[in-house]
$ cat run_2.txt   # compact mmCIF, C-alpha atoms
# COMPACT_ATOMS: atom_id res chain seq x y z
CA MET A 775 -8.68 8.21 -10.40
CA THR A 776 -5.42 6.82 -9.06
CA VAL A 777 -5.38 4.01 -11.62
CA ASP A 778 -5.95 6.52 -14.42
CA LEU A 779 -3.06 8.64 -13.17
CA VAL A 780 -0.80 5.59 -12.96
CA ARG A 781 -1.75 4.68 -16.53
CA ALA A 782 -1.17 8.27 -17.64
CA ARG A 783 2.29 8.20 -16.05
CA THR A 784 3.14 4.88 -17.71
CA ILE A 785 1.88 6.04 -21.11
CA SER A 786 3.79 9.31 -20.73
CA MET A 787 7.04 7.51 -19.96
CA LEU A 788 6.56 4.97 -22.73
CA LEU A 789 5.70 7.57 -25.35
CA GLY A 790 8.58 9.79 -24.28
CA GLY A 791 10.94 6.82 -24.20
CA ILE A 792 9.91 5.62 -27.66
CA LEU A 793 10.26 9.14 -29.03
CA LEU A 794 13.73 9.55 -27.52
CA VAL A 795 14.94 6.18 -28.81
CA ALA A 796 13.54 6.98 -32.27
CA CYS A 797 15.31 10.35 -32.21
CA GLY A 798 18.50 8.65 -31.06
CA VAL A 799 18.38 6.15 -33.93
CA LEU A 800 17.70 8.93 -36.44
CA MET A 801 20.57 10.99 -35.07
CA ILE A 802 22.98 8.07 -35.34
CA PHE A 803 22.07 7.33 -38.96
CA ILE A 804 21.41 10.77 -40.46
CA GLU A 805 24.00 12.55 -38.29
CA ASN A 806 21.79 15.56 -38.12
CA LEU A 807 20.26 17.58 -35.34
CA ASP A 808 17.93 20.03 -37.02
CA GLU A 809 15.22 22.07 -35.34
CA ILE A 810 12.44 19.54 -35.91
CA LEU A 811 14.51 16.79 -34.30
CA TRP A 812 15.30 19.09 -31.39
CA LEU A 813 11.58 19.73 -30.90
CA GLU A 814 10.94 15.99 -30.90
CA ILE A 815 13.71 15.47 -28.35
CA MET A 816 12.28 18.20 -26.13
CA LEU A 817 8.85 16.61 -26.39
CA GLY A 818 10.35 13.22 -25.58
CA VAL A 819 12.30 14.58 -22.62
CA GLY A 820 9.14 16.33 -21.38
CA LEU A 821 6.99 13.22 -21.59
CA PHE A 822 9.69 10.91 -20.23
CA GLY A 823 10.75 13.33 -17.48
CA THR A 824 7.22 14.08 -16.34
CA GLY A 825 6.37 10.40 -16.21
CA LEU A 826 9.60 9.68 -14.36
CA PHE A 827 8.91 12.39 -11.82
CA GLU A 828 5.55 10.79 -11.07
CA TYR A 829 7.14 7.38 -11.17
CA LEU A 830 9.64 8.13 -8.45
CA GLY A 831 6.73 8.82 -6.17
CA LEU A 832 7.42 12.47 -5.57
CA ARG A 833 3.77 13.39 -5.96
CA GLN A 834 0.61 12.06 -4.41
CA PRO A 835 -1.48 10.02 -5.04
CA LEU A 836 1.00 7.92 -7.00
CA LYS A 837 3.43 7.71 -4.10
CA ASP A 838 4.36 4.13 -3.42
CA GLU A 839 7.49 3.49 -1.37
CA ARG A 840 8.40 0.24 -3.13
CA VAL A 841 8.02 1.74 -6.61
CA ALA A 842 9.97 4.83 -5.53
CA ARG A 843 12.75 2.69 -4.03
CA ILE A 844 13.01 0.52 -7.15
CA GLY A 845 12.81 3.52 -9.46
CA THR A 846 15.54 5.33 -7.58
CA LEU A 847 17.88 2.34 -7.75
CA ALA A 848 17.11 1.81 -11.44
CA MET A 849 17.85 5.48 -12.13
CA THR A 850 21.13 5.23 -10.22
CA TYR A 851 22.24 2.24 -12.28
CA SER A 852 21.05 3.95 -15.45
CA TRP A 853 22.97 7.12 -14.62
CA TYR A 854 26.10 5.04 -13.98
CA THR A 855 25.64 3.20 -17.29
CA VAL A 856 25.37 6.51 -19.15
CA LEU A 857 28.46 7.78 -17.35
CA ILE A 858 30.41 4.70 -18.46
CA LEU A 859 29.11 5.25 -22.01
CA VAL A 860 30.19 8.89 -22.06
CA ILE A 861 33.65 8.00 -20.75
CA SER A 862 33.91 5.18 -23.30
CA ILE A 863 32.91 7.48 -26.17
CA ALA A 864 35.43 10.06 -25.02
CA LEU A 865 38.19 7.46 -24.75
CA VAL A 866 37.47 5.52 -27.93
CA PHE A 867 36.52 8.34 -30.30
CA GLY A 868 38.19 11.32 -28.72
CA MET A 869 41.75 10.08 -28.27
CA GLY A 870 42.92 10.31 -31.85
CA GLY A 871 41.49 7.02 -33.02
CA GLY A 872 40.90 6.27 -36.68
CA TYR A 873 37.13 6.56 -36.53
CA LYS A 874 35.32 9.67 -35.39
CA ILE A 875 31.68 10.12 -34.52
CA SER A 876 29.70 13.30 -34.84
CA MET A 877 28.02 15.14 -31.99
CA PRO A 878 24.49 14.03 -33.06
CA GLN A 879 25.65 10.42 -33.13
CA ALA A 880 27.09 10.69 -29.61
CA ILE A 881 23.91 12.33 -28.28
CA GLY A 882 21.78 9.75 -30.11
CA ALA A 883 23.69 6.89 -28.48
CA ILE A 884 23.38 8.54 -25.06
CA LEU A 885 19.62 9.04 -25.51
CA ILE A 886 19.09 5.40 -26.47
CA VAL A 887 21.21 4.01 -23.63
CA MET A 888 19.61 6.38 -21.10
CA VAL A 889 16.06 5.31 -21.94
CA VAL A 890 16.73 1.61 -22.50
CA SER A 891 18.82 1.26 -19.32
CA THR A 892 16.17 3.06 -17.23
CA PHE A 893 13.42 0.73 -18.41
CA GLY A 894 15.70 -2.29 -18.32
CA PHE A 895 16.99 -1.83 -14.78
CA ASN A 896 13.52 -0.90 -13.57
CA TRP A 897 12.06 -4.05 -15.07
CA TYR A 898 14.85 -6.20 -13.64
CA VAL A 899 14.71 -4.80 -10.09
CA GLY A 900 10.90 -4.62 -10.13
CA ARG A 901 10.73 -8.31 -10.97
CA GLU A 902 12.62 -9.08 -7.74
CA GLY A 903 10.12 -7.06 -5.68
CA ASP A 904 12.62 -5.13 -3.59
CA VAL A 905 16.01 -3.50 -3.95
CA GLU A 906 17.74 -5.76 -1.43
CA MET B 643 10.91 -12.61 6.67
CA LYS B 644 7.44 -14.10 6.81
CA THR B 645 4.22 -12.19 7.11
CA THR B 646 0.74 -13.01 8.31
CA ILE B 647 -0.80 -10.17 6.32
CA LYS B 648 -2.75 -12.57 4.10
CA GLU B 649 -4.33 -14.31 7.11
CA TRP B 650 -5.23 -11.04 8.84
CA ARG B 651 -6.57 -9.65 5.59
CA ALA B 652 -8.78 -12.74 5.19
CA LYS B 653 -10.03 -12.28 8.75
CA LYS B 654 -11.02 -8.72 7.89
CA ASN B 655 -12.57 -9.94 4.62
CA MET B 656 -10.49 -7.43 2.74
CA THR B 657 -9.01 -7.66 -0.76
CA GLN B 658 -5.44 -6.75 -1.63
CA GLU B 659 -6.77 -3.80 -3.59
CA GLN B 660 -8.74 -2.51 -0.59
CA LEU B 661 -5.79 -2.87 1.77
CA ALA B 662 -3.51 -1.17 -0.73
CA GLU B 663 -5.90 1.74 -1.07
CA LYS B 664 -6.23 2.15 2.69
CA VAL B 665 -2.48 2.29 3.29
CA GLY B 666 -1.71 4.27 0.13
CA VAL B 667 0.35 1.84 -1.91
CA ARG B 668 -0.11 -0.12 -5.11
CA ARG B 669 -1.65 -3.59 -5.06
CA GLU B 670 1.64 -5.08 -6.31
CA THR B 671 3.32 -3.86 -3.14
CA ILE B 672 0.82 -5.82 -1.04
CA VAL B 673 1.44 -8.87 -3.25
CA PHE B 674 5.21 -8.69 -2.66
CA LEU B 675 4.63 -8.03 1.05
CA GLU B 676 2.47 -11.13 1.42
CA LYS B 677 5.11 -13.19 -0.37
CA GLY B 678 7.71 -11.88 2.09
CA LYS B 679 9.75 -10.42 -0.77
CA TYR B 680 9.49 -6.80 0.31
CA ASN B 681 10.71 -5.18 3.52
CA PRO B 682 8.32 -2.29 4.18
CA SER B 683 9.18 0.96 5.89
CA LEU B 684 8.28 1.34 9.54
CA ARG B 685 5.51 3.73 8.55
CA LEU B 686 3.92 1.30 6.08
CA ALA B 687 4.22 -1.61 8.51
CA HIS B 688 2.51 0.49 11.17
CA ASP B 689 -0.26 1.58 8.80
CA ILE B 690 -0.97 -1.99 7.74
CA ALA B 691 -1.07 -3.13 11.35
CA VAL B 692 -3.54 -0.37 12.22
CA VAL B 693 -5.79 -1.13 9.24
CA LEU B 694 -5.79 -4.86 10.01
CA GLY B 695 -6.36 -4.26 13.74
CA THR B 696 -3.23 -6.00 14.94
CA THR B 697 0.38 -5.28 15.85
CA MET B 698 3.54 -5.27 13.78
CA ASP B 699 4.87 -8.18 15.87
CA GLU B 700 1.93 -10.29 14.77
CA LEU B 701 2.28 -9.30 11.12
CA PHE B 702 6.00 -9.69 10.52
CA ILE B 703 8.00 -12.70 11.63
CA PHE B 704 11.76 -12.69 11.22
CA ASN B 705 13.75 -15.91 11.32
CA ASP B 706 17.20 -16.30 12.88
CA GLU B 707 19.10 -15.66 9.64
CA ASP B 708 17.28 -12.38 9.14
CA ASP B 709 18.01 -11.38 12.72
CA LYS B 710 21.73 -12.01 12.13
CA ASP B 711 21.62 -9.82 9.03
CA THR B 712 20.14 -6.88 10.92
CA SER B 713 22.26 -7.15 14.05
$ encode --input "run_2.txt" --output "structure tokens"
Amino acid sequence: MTVDLVRARTISMLLGGILLVACGVLMIFIENLDEILWLEIMLGVGLFGTGLFEYLGLRQPLKDERVARIGTLAMTYSWYTVLILVISIALVFGMGGGYKISMPQAIGAILIVMVVSTFGFNWYVGREGDVE
Amino acid sequence: MKTTIKEWRAKKNMTQEQLAEKVGVRRETIVFLEKGKYNPSLRLAHDIAVVLGTTMDELFIFNDEDDKDTS
């Protein structure tokens, strides 16, 4: 039962993450944010967010203090990375530079960095075994 | 930090999976604990000690360098 729930959480996060990255790539290249893409993003956020909620150990029986600790640190680093990205986008493209990006492109880049950095930091810290 | 969890677990003829299930963590957490790579919470350390029928002092051994870090 517990193993199945852990697998369900992992699959949920992976599917949501893949969907969000795919949406991000589409948004960067087609510069569009139509209703279908919005629905896909909502679905991706739902899958990714639900899996993440389980992942951080907020619900039993998946609660594992080490996983929660690592996940929390990974999310903190990920949030900081996204913050740096948003500030960079604002500075580079919003200060009267020669090249402008559209709103879908900015959101697409944020989606990709958010998902990739979450998985990346989680993998890196998890490999060490502990956050210290 | 060194642990004697593996030895106590062997004495109890218990697998990592069984110990993990009894204390409510994932098997990987027990693996990292036995390698001394994870500092558990007081609650988890206590639960493991209870399940293995020993004390926390017997399970977790800190060397001098670790003691300096926590002082």
$ interface_residues --input "run_2.txt" --of "chain A" --to "chain B" --cutoff "6 Å" --atoms "all atoms listed in the file" --output "VMD selection string"
chain A and resid 838 903 to 904
$ closest_residue --input "run_2.txt" --among "A:Val899, A:Leu821, A:Leu885, A:Ala864" --to "Gly798 in chain A" --atoms "all atoms listed in the file"
A:Leu885
$ residues_around --input "run_2.txt" --residues "Gly790 in chain A" --least-positions-apart "3" --cutoff "12 Å" --atoms "only C-alpha atoms" --output "number ranges by chain"
A: 782-787, 793-797, 814-826, 885-886, 888-890, 893
$ atom_distance --input "run_2.txt" --atom1 "CA of Leu859 in chain A" --atom2 "CA of Gln879 in chain A"
12.7 Å
$ atom_distance --input "run_2.txt" --atom1 "CA of Lys648 in chain B" --atom2 "CA of Glu676 in chain B"
6.0 Å
$ atom_distance --input "run_2.txt" --atom1 "CA of Gly872 in chain A" --atom2 "CA of Thr855 in chain A"
24.9 Å
$ residues_near_point --input "run_2.txt" --point "(33.2, 6.9, -29.2)" --cutoff "12 Å" --atoms "all atoms listed in the file" --output "list of chain:residue names"
A:Ile802, A:Ile858, A:Leu859, A:Val860, A:Ile861, A:Ser862, A:Ile863, A:Ala864, A:Leu865, A:Val866, A:Phe867, A:Gly868, A:Met869, A:Gly870, A:Gly871, A:Gly872, A:Tyr873, A:Lys874, A:Ile875, A:Ser876, A:Met877, A:Pro878, A:Gln879, A:Ala880, A:Ile881, A:Gly882, A:Ala883, A:Ile884
$ write_last_selection --input "run_2.txt" --atoms "C-alpha atoms" --output "compact mmCIF listing (two decimals), in the coordinates of the input"
# COMPACT_ATOMS: atom_id res chain seq x y z
CA ILE A 802 22.98 8.07 -35.34
CA ILE A 858 30.41 4.70 -18.46
CA LEU A 859 29.11 5.25 -22.01
CA VAL A 860 30.19 8.89 -22.06
CA ILE A 861 33.65 8.00 -20.75
CA SER A 862 33.91 5.18 -23.30
CA ILE A 863 32.91 7.48 -26.17
CA ALA A 864 35.43 10.06 -25.02
CA LEU A 865 38.19 7.46 -24.75
CA VAL A 866 37.47 5.52 -27.93
CA PHE A 867 36.52 8.34 -30.30
CA GLY A 868 38.19 11.32 -28.72
CA MET A 869 41.75 10.08 -28.27
CA GLY A 870 42.92 10.31 -31.85
CA GLY A 871 41.49 7.02 -33.02
CA GLY A 872 40.90 6.27 -36.68
CA TYR A 873 37.13 6.56 -36.53
CA LYS A 874 35.32 9.67 -35.39
CA ILE A 875 31.68 10.12 -34.52
CA SER A 876 29.70 13.30 -34.84
CA MET A 877 28.02 15.14 -31.99
CA PRO A 878 24.49 14.03 -33.06
CA GLN A 879 25.65 10.42 -33.13
CA ALA A 880 27.09 10.69 -29.61
CA ILE A 881 23.91 12.33 -28.28
CA GLY A 882 21.78 9.75 -30.11
CA ALA A 883 23.69 6.89 -28.48
CA ILE A 884 23.38 8.54 -25.06
$ decode --input "run_2.txt" --residues "range 786-801 of chain A" --atoms "all heavy atoms" --output "PDB file, in the first residue's frame"
ATOM      1  N   SER A 786       3.120  10.941 -10.357  1.00  0.00           N
ATOM      2  CA  SER A 786       2.383  12.201 -10.426  1.00  0.00           C
ATOM      3  C   SER A 786       3.338  13.372 -10.637  1.00  0.00           C
ATOM      4  O   SER A 786       3.113  14.232 -11.496  1.00  0.00           O
ATOM      5  CB  SER A 786       1.578  12.387  -9.134  1.00  0.00           C
ATOM      6  OG  SER A 786       1.024  13.665  -9.089  1.00  0.00           O
ATOM      7  N   MET A 787       4.413  13.404  -9.860  1.00  0.00           N
ATOM      8  CA  MET A 787       5.379  14.499  -9.991  1.00  0.00           C
ATOM      9  C   MET A 787       6.075  14.477 -11.340  1.00  0.00           C
ATOM     10  O   MET A 787       6.276  15.509 -11.973  1.00  0.00           O
ATOM     11  CB  MET A 787       6.427  14.411  -8.881  1.00  0.00           C
ATOM     12  CG  MET A 787       6.028  15.111  -7.606  1.00  0.00           C
ATOM     13  SD  MET A 787       7.402  15.265  -6.482  1.00  0.00           S
ATOM     14  CE  MET A 787       8.282  16.645  -7.176  1.00  0.00           C
ATOM     15  N   LEU A 788       6.451  13.269 -11.782  1.00  0.00           N
ATOM     16  CA  LEU A 788       7.152  13.155 -13.061  1.00  0.00           C
ATOM     17  C   LEU A 788       6.259  13.577 -14.224  1.00  0.00           C
ATOM     18  O   LEU A 788       6.673  14.346 -15.085  1.00  0.00           O
ATOM     19  CB  LEU A 788       7.648  11.717 -13.269  1.00  0.00           C
ATOM     20  CG  LEU A 788       8.944  11.354 -12.554  1.00  0.00           C
ATOM     21  CD1 LEU A 788       9.253   9.874 -12.729  1.00  0.00           C
ATOM     22  CD2 LEU A 788      10.103  12.191 -13.092  1.00  0.00           C
ATOM     23  N   LEU A 789       5.026  13.071 -14.222  1.00  0.00           N
ATOM     24  CA  LEU A 789       4.093  13.425 -15.292  1.00  0.00           C
ATOM     25  C   LEU A 789       3.823  14.932 -15.307  1.00  0.00           C
ATOM     26  O   LEU A 789       3.871  15.575 -16.359  1.00  0.00           O
ATOM     27  CB  LEU A 789       2.772  12.668 -15.127  1.00  0.00           C
ATOM     28  CG  LEU A 789       2.749  11.207 -15.569  1.00  0.00           C
ATOM     29  CD1 LEU A 789       1.385  10.588 -15.285  1.00  0.00           C
ATOM     30  CD2 LEU A 789       3.078  11.086 -17.053  1.00  0.00           C
ATOM     31  N   GLY A 790       3.551  15.470 -14.124  1.00  0.00           N
ATOM     32  CA  GLY A 790       3.302  16.910 -14.013  1.00  0.00           C
ATOM     33  C   GLY A 790       4.512  17.709 -14.443  1.00  0.00           C
ATOM     34  O   GLY A 790       4.385  18.708 -15.165  1.00  0.00           O
ATOM     35  N   GLY A 791       5.690  17.259 -14.032  1.00  0.00           N
ATOM     36  CA  GLY A 791       6.931  17.950 -14.391  1.00  0.00           C
ATOM     37  C   GLY A 791       7.170  17.931 -15.888  1.00  0.00           C
ATOM     38  O   GLY A 791       7.508  18.957 -16.495  1.00  0.00           O
ATOM     39  N   ILE A 792       6.971  16.755 -16.498  1.00  0.00           N
ATOM     40  CA  ILE A 792       7.175  16.628 -17.954  1.00  0.00           C
ATOM     41  C   ILE A 792       6.176  17.518 -18.699  1.00  0.00           C
ATOM     42  O   ILE A 792       6.538  18.213 -19.657  1.00  0.00           O
ATOM     43  CB  ILE A 792       7.021  15.147 -18.389  1.00  0.00           C
ATOM     44  CG1 ILE A 792       8.210  14.330 -17.880  1.00  0.00           C
ATOM     45  CG2 ILE A 792       6.913  15.027 -19.912  1.00  0.00           C
ATOM     46  CD1 ILE A 792       8.023  12.827 -17.978  1.00  0.00           C
ATOM     47  N   LEU A 793       4.945  17.511 -18.217  1.00  0.00           N
ATOM     48  CA  LEU A 793       3.902  18.331 -18.849  1.00  0.00           C
ATOM     49  C   LEU A 793       4.254  19.818 -18.757  1.00  0.00           C
ATOM     50  O   LEU A 793       4.126  20.573 -19.729  1.00  0.00           O
ATOM     51  CB  LEU A 793       2.569  18.055 -18.154  1.00  0.00           C
ATOM     52  CG  LEU A 793       1.287  18.420 -18.900  1.00  0.00           C
ATOM     53  CD1 LEU A 793       1.226  17.718 -20.243  1.00  0.00           C
ATOM     54  CD2 LEU A 793       0.069  18.045 -18.061  1.00  0.00           C
ATOM     55  N   LEU A 794       4.716  20.239 -17.587  1.00  0.00           N
ATOM     56  CA  LEU A 794       5.059  21.654 -17.399  1.00  0.00           C
ATOM     57  C   LEU A 794       6.253  22.064 -18.255  1.00  0.00           C
ATOM     58  O   LEU A 794       6.263  23.147 -18.848  1.00  0.00           O
ATOM     59  CB  LEU A 794       5.346  21.933 -15.922  1.00  0.00           C
ATOM     60  CG  LEU A 794       4.130  21.952 -14.993  1.00  0.00           C
ATOM     61  CD1 LEU A 794       4.555  22.143 -13.545  1.00  0.00           C
ATOM     62  CD2 LEU A 794       3.173  23.064 -15.386  1.00  0.00           C
ATOM     63  N   VAL A 795       7.262  21.191 -18.335  1.00  0.00           N
ATOM     64  CA  VAL A 795       8.431  21.509 -19.164  1.00  0.00           C
ATOM     65  C   VAL A 795       8.023  21.572 -20.635  1.00  0.00           C
ATOM     66  O   VAL A 795       8.436  22.474 -21.372  1.00  0.00           O
ATOM     67  CB  VAL A 795       9.553  20.466 -18.940  1.00  0.00           C
ATOM     68  CG1 VAL A 795      10.659  20.636 -19.971  1.00  0.00           C
ATOM     69  CG2 VAL A 795      10.143  20.606 -17.538  1.00  0.00           C
ATOM     70  N   ALA A 796       7.175  20.616 -21.049  1.00  0.00           N
ATOM     71  CA  ALA A 796       6.705  20.610 -22.439  1.00  0.00           C
ATOM     72  C   ALA A 796       5.928  21.903 -22.743  1.00  0.00           C
ATOM     73  O   ALA A 796       6.133  22.524 -23.792  1.00  0.00           O
ATOM     74  CB  ALA A 796       5.832  19.387 -22.695  1.00  0.00           C
ATOM     75  N   CYS A 797       5.066  22.285 -21.820  1.00  0.00           N
ATOM     76  CA  CYS A 797       4.306  23.533 -21.986  1.00  0.00           C
ATOM     77  C   CYS A 797       5.259  24.725 -22.046  1.00  0.00           C
ATOM     78  O   CYS A 797       5.073  25.644 -22.857  1.00  0.00           O
ATOM     79  CB  CYS A 797       3.330  23.737 -20.827  1.00  0.00           C
ATOM     80  SG  CYS A 797       1.916  22.642 -20.891  1.00  0.00           S
ATOM     81  N   GLY A 798       6.259  24.714 -21.191  1.00  0.00           N
ATOM     82  CA  GLY A 798       7.238  25.805 -21.161  1.00  0.00           C
ATOM     83  C   GLY A 798       7.962  25.937 -22.492  1.00  0.00           C
ATOM     84  O   GLY A 798       8.128  27.044 -23.019  1.00  0.00           O
ATOM     85  N   VAL A 799       8.381  24.796 -23.045  1.00  0.00           N
ATOM     86  CA  VAL A 799       9.093  24.806 -24.332  1.00  0.00           C
ATOM     87  C   VAL A 799       8.167  25.333 -25.429  1.00  0.00           C
ATOM     88  O   VAL A 799       8.567  26.174 -26.246  1.00  0.00           O
ATOM     89  CB  VAL A 799       9.602  23.383 -24.678  1.00  0.00           C
ATOM     90  CG1 VAL A 799      10.163  23.338 -26.100  1.00  0.00           C
ATOM     91  CG2 VAL A 799      10.682  22.950 -23.690  1.00  0.00           C
ATOM     92  N   LEU A 800       6.922  24.844 -25.426  1.00  0.00           N
ATOM     93  CA  LEU A 800       5.954  25.310 -26.429  1.00  0.00           C
ATOM     94  C   LEU A 800       5.739  26.819 -26.325  1.00  0.00           C
ATOM     95  O   LEU A 800       5.691  27.530 -27.330  1.00  0.00           O
ATOM     96  CB  LEU A 800       4.611  24.598 -26.230  1.00  0.00           C
ATOM     97  CG  LEU A 800       4.455  23.223 -26.878  1.00  0.00           C
ATOM     98  CD1 LEU A 800       3.115  22.603 -26.491  1.00  0.00           C
ATOM     99  CD2 LEU A 800       4.561  23.325 -28.397  1.00  0.00           C
ATOM    100  N   MET A 801       5.612  27.283 -25.082  1.00  0.00           N
ATOM    101  CA  MET A 801       5.353  28.716 -24.876  1.00  0.00           C
ATOM    102  C   MET A 801       6.521  29.576 -25.348  1.00  0.00           C
ATOM    103  O   MET A 801       6.324  30.688 -25.853  1.00  0.00           O
ATOM    104  CB  MET A 801       5.055  28.983 -23.395  1.00  0.00           C
ATOM    105  CG  MET A 801       3.683  28.484 -22.978  1.00  0.00           C
ATOM    106  SD  MET A 801       3.532  28.258 -21.211  1.00  0.00           S
ATOM    107  CE  MET A 801       3.378  29.925 -20.661  1.00  0.00           C
TER     108      MET A 801
END
